[in-house]
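Chemist: Structure file input06.txt (compact mmCIF, C-alpha atoms) is given on the next line.
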```txt
# COMPACT_ATOMS: atom_id res chain seq x y z
CA MET A 1 111.76 110.43 64.97
CA ILE A 2 108.72 109.18 63.10
CA PRO A 3 109.55 106.05 61.07
CA ARG A 4 109.14 106.45 57.32
CA ILE A 5 107.69 103.72 55.17
CA LYS A 6 109.68 102.65 52.11
CA ASP A 7 107.34 99.99 50.69
CA ILE A 8 104.04 98.33 51.48
CA GLN A 9 102.41 95.19 50.14
CA THR A 10 99.07 93.58 50.85
CA LEU A 11 99.01 89.85 51.51
CA ASP A 12 96.12 87.42 51.88
CA ASP A 13 93.90 87.47 54.96
CA PHE A 14 94.25 91.23 55.63
CA ILE A 15 97.99 91.17 56.30
CA LEU A 16 100.32 94.03 55.39
CA LEU A 17 104.03 93.64 54.72
CA VAL A 18 105.70 96.96 55.46
CA GLU A 19 109.33 97.92 54.88
CA PHE A 20 110.79 101.01 56.55
CA ASP A 21 113.64 103.28 55.46
CA ASP A 22 115.92 101.80 58.14
CA GLY A 23 115.51 98.32 56.60
CA LYS A 24 113.10 96.92 59.19
CA LYS A 25 110.33 94.73 57.79
CA VAL A 26 107.08 94.20 59.65
CA LYS A 27 104.06 92.01 59.12
CA TYR A 28 100.93 93.80 60.38
CA ASP A 29 97.60 92.00 60.83
CA VAL A 30 94.70 94.36 60.09
CA LYS A 31 92.04 91.82 61.20
CA ASP A 32 92.25 93.03 64.81
CA ASP A 33 91.53 96.59 63.67
CA ILE A 34 88.64 95.37 61.51
CA ARG A 35 87.13 93.56 64.51
CA THR A 36 87.53 96.42 66.99
CA LEU A 37 87.30 99.67 64.98
CA ASP A 38 84.02 100.41 63.23
CA ASP A 39 85.63 102.52 60.48
CA PHE A 40 87.89 99.60 59.50
CA LYS A 41 84.96 97.24 58.83
CA ILE A 42 84.68 98.67 55.31
CA LEU A 43 87.98 96.93 54.43
CA GLU A 44 86.19 93.62 54.84
CA SER A 45 82.84 94.58 53.34
CA GLU A 46 83.98 96.52 50.25
CA TYR A 47 85.59 94.10 47.81
CA GLY A 48 89.10 95.08 46.72
CA LEU A 49 89.48 98.09 49.01
CA PHE A 50 92.14 96.48 51.20
CA GLN A 51 94.42 95.90 48.19
CA ASN A 52 94.17 99.59 47.25
CA VAL A 53 96.19 100.82 50.23
CA GLN A 54 97.99 104.12 49.63
CA LEU A 55 101.08 105.69 51.18
CA ASP A 56 100.85 109.40 52.02
CA SER A 57 103.44 111.80 50.61
CA SER A 58 105.25 112.16 53.97
CA ARG A 59 105.54 108.33 54.09
CA THR A 60 104.46 108.36 57.77
CA TYR A 61 101.08 106.69 57.36
CA ILE A 62 99.06 104.51 55.03
CA TYR A 63 95.40 104.94 54.20
CA TRP A 64 92.45 103.45 52.38
CA THR A 65 89.86 106.19 52.85
CA ASP A 66 89.80 109.54 54.65
CA ARG A 67 88.55 107.69 57.76
CA VAL A 68 90.70 104.54 57.58
CA ASP A 69 94.43 104.96 58.10
CA LEU A 70 97.38 103.60 60.06
CA PRO A 71 100.38 105.63 61.23
CA SER A 72 103.83 104.19 60.67
CA ASP A 73 104.71 104.15 64.37
CA THR A 74 101.62 102.04 65.13
CA ILE A 75 102.53 99.57 62.40
CA LEU A 76 106.07 99.31 63.77
CA GLU A 77 104.97 98.99 67.41
CA TYR A 78 102.19 96.43 66.95
CA GLY A 79 103.44 94.58 63.89
CA GLN A 80 105.51 91.42 63.88
CA LEU A 81 109.16 92.20 63.13
CA LEU A 82 110.57 89.91 60.44
```
Mind turning this structure into structure tokens?
Modeler:
Amino acid sequence: MIPRIKDIQTLDDFILLVEFDDGKKVKYDVKDDIRTLDDFKILESEYGLFQNVQLDSSRTYIYWTDRVDLPSDTILEYGQLL
């Protein structure tokens, strides 16, 4: 089953704090994505964009633009469980 996101917060230094429906909380560092994925570089270069993260209506991914998004299973797999 695809994990569903309950809440998301942006922290300093391009860190996301994500809470899932099952109660798991994960800290996800977006800096690695910014360094390795060209589309993610805009999060660093466009002031304030990172803080404007959105959750899609299915609650299975987050996004900033139509080209910059993260699925919930990726966040859960590569994030740091708290």
Chemist: Wanna dump the range 41-70 of chain A-range 17-36 of chain A contacts at 8 Å for me, each residue with its shortest atom pair and the distance in Å to one decimal, counting only C-alpha atoms, ordered by chain and number, as JSON lines?
Modeler:
```
{"residue": "A:Lys41", "atom": "CA", "partner": "A:Ile34", "partner_atom": "CA", "distance": 4.9}
{"residue": "A:Leu43", "atom": "CA", "partner": "A:Ile34", "partner_atom": "CA", "distance": 7.3}
{"residue": "A:Glu44", "atom": "CA", "partner": "A:Ile34", "partner_atom": "CA", "distance": 7.3}
```
Chemist: Do you have the CA of Ile5 in chain A-CA of Gln54 in chain A distance handy?
Modeler: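 Between these atoms lies a distance of 11.2 Å.
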Chemist: Fewer than 4 positions away in the same chain doesn't count, so skip those; otherwise give me all residues within 7 Å of Tyr63 in chain A, counting all atoms listed in the file, as a VMD selection string.
Modeler: chain A and resid 53 to 55 68 to 70
Chemist: The selected residues should be written to file as a short mmCIF file (atom, residue, chain, number, x, y, z; two decimals), in the frame of the given file (atoms: C-alpha atoms).
Modeler:
```
data_model
loop_
_atom_site.label_atom_id
_atom_site.label_comp_id
_atom_site.auth_asym_id
_atom_site.auth_seq_id
_atom_site.Cartn_x
_atom_site.Cartn_y
_atom_site.Cartn_z
CA VAL A 53 96.19 100.82 50.23
CA GLN A 54 97.99 104.12 49.63
CA LEU A 55 101.08 105.69 51.18
CA VAL A 68 90.70 104.54 57.58
CA ASP A 69 94.43 104.96 58.10
CA LEU A 70 97.38 103.60 60.06
#
```
Chemist: Using Å and a single decimal, report how far CA of Ser57 in chain A sits from CA of Leu76 in chain A.
Modeler: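 Taking CA of Leu76 in chain A and CA of Ser57 in chain A, their separation equals 18.3 Å.
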Chemist: Using all atoms listed in the file, can you tell me which of A:Ile62, A:Ile2, A:Asp38, A:Asp7 comes closest to Phe50 in chain A?
Modeler: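 Closest residue, counting all atoms listed in the file: A:Ile62.
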Chemist: Please compute the CA of Tyr61 in chain A-CA of Phe14 in chain A distance, one decimal, in Å.
Modeler: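 Between CA of Tyr61 in chain A and CA of Phe14 in chain A the gap works out to 17.0 Å.
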Chemist: Choose the residue, out of A:Asp12, A:Leu81, A:Glu46, A:Pro71, that has the smallest atom-to-atom separation from Ser58 in chain A; count only C-alpha atoms.
Modeler: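 Of all the options, A:Pro71 lies closest to Ser58 in chain A.
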Chemist: For a quick check of understanding, using only C-alpha atoms, which of A:Gly48, A:Leu16, A:Asp66, A:Leu37 has the smallest distance to Gly79 in chain A?
Modeler: A:Leu16
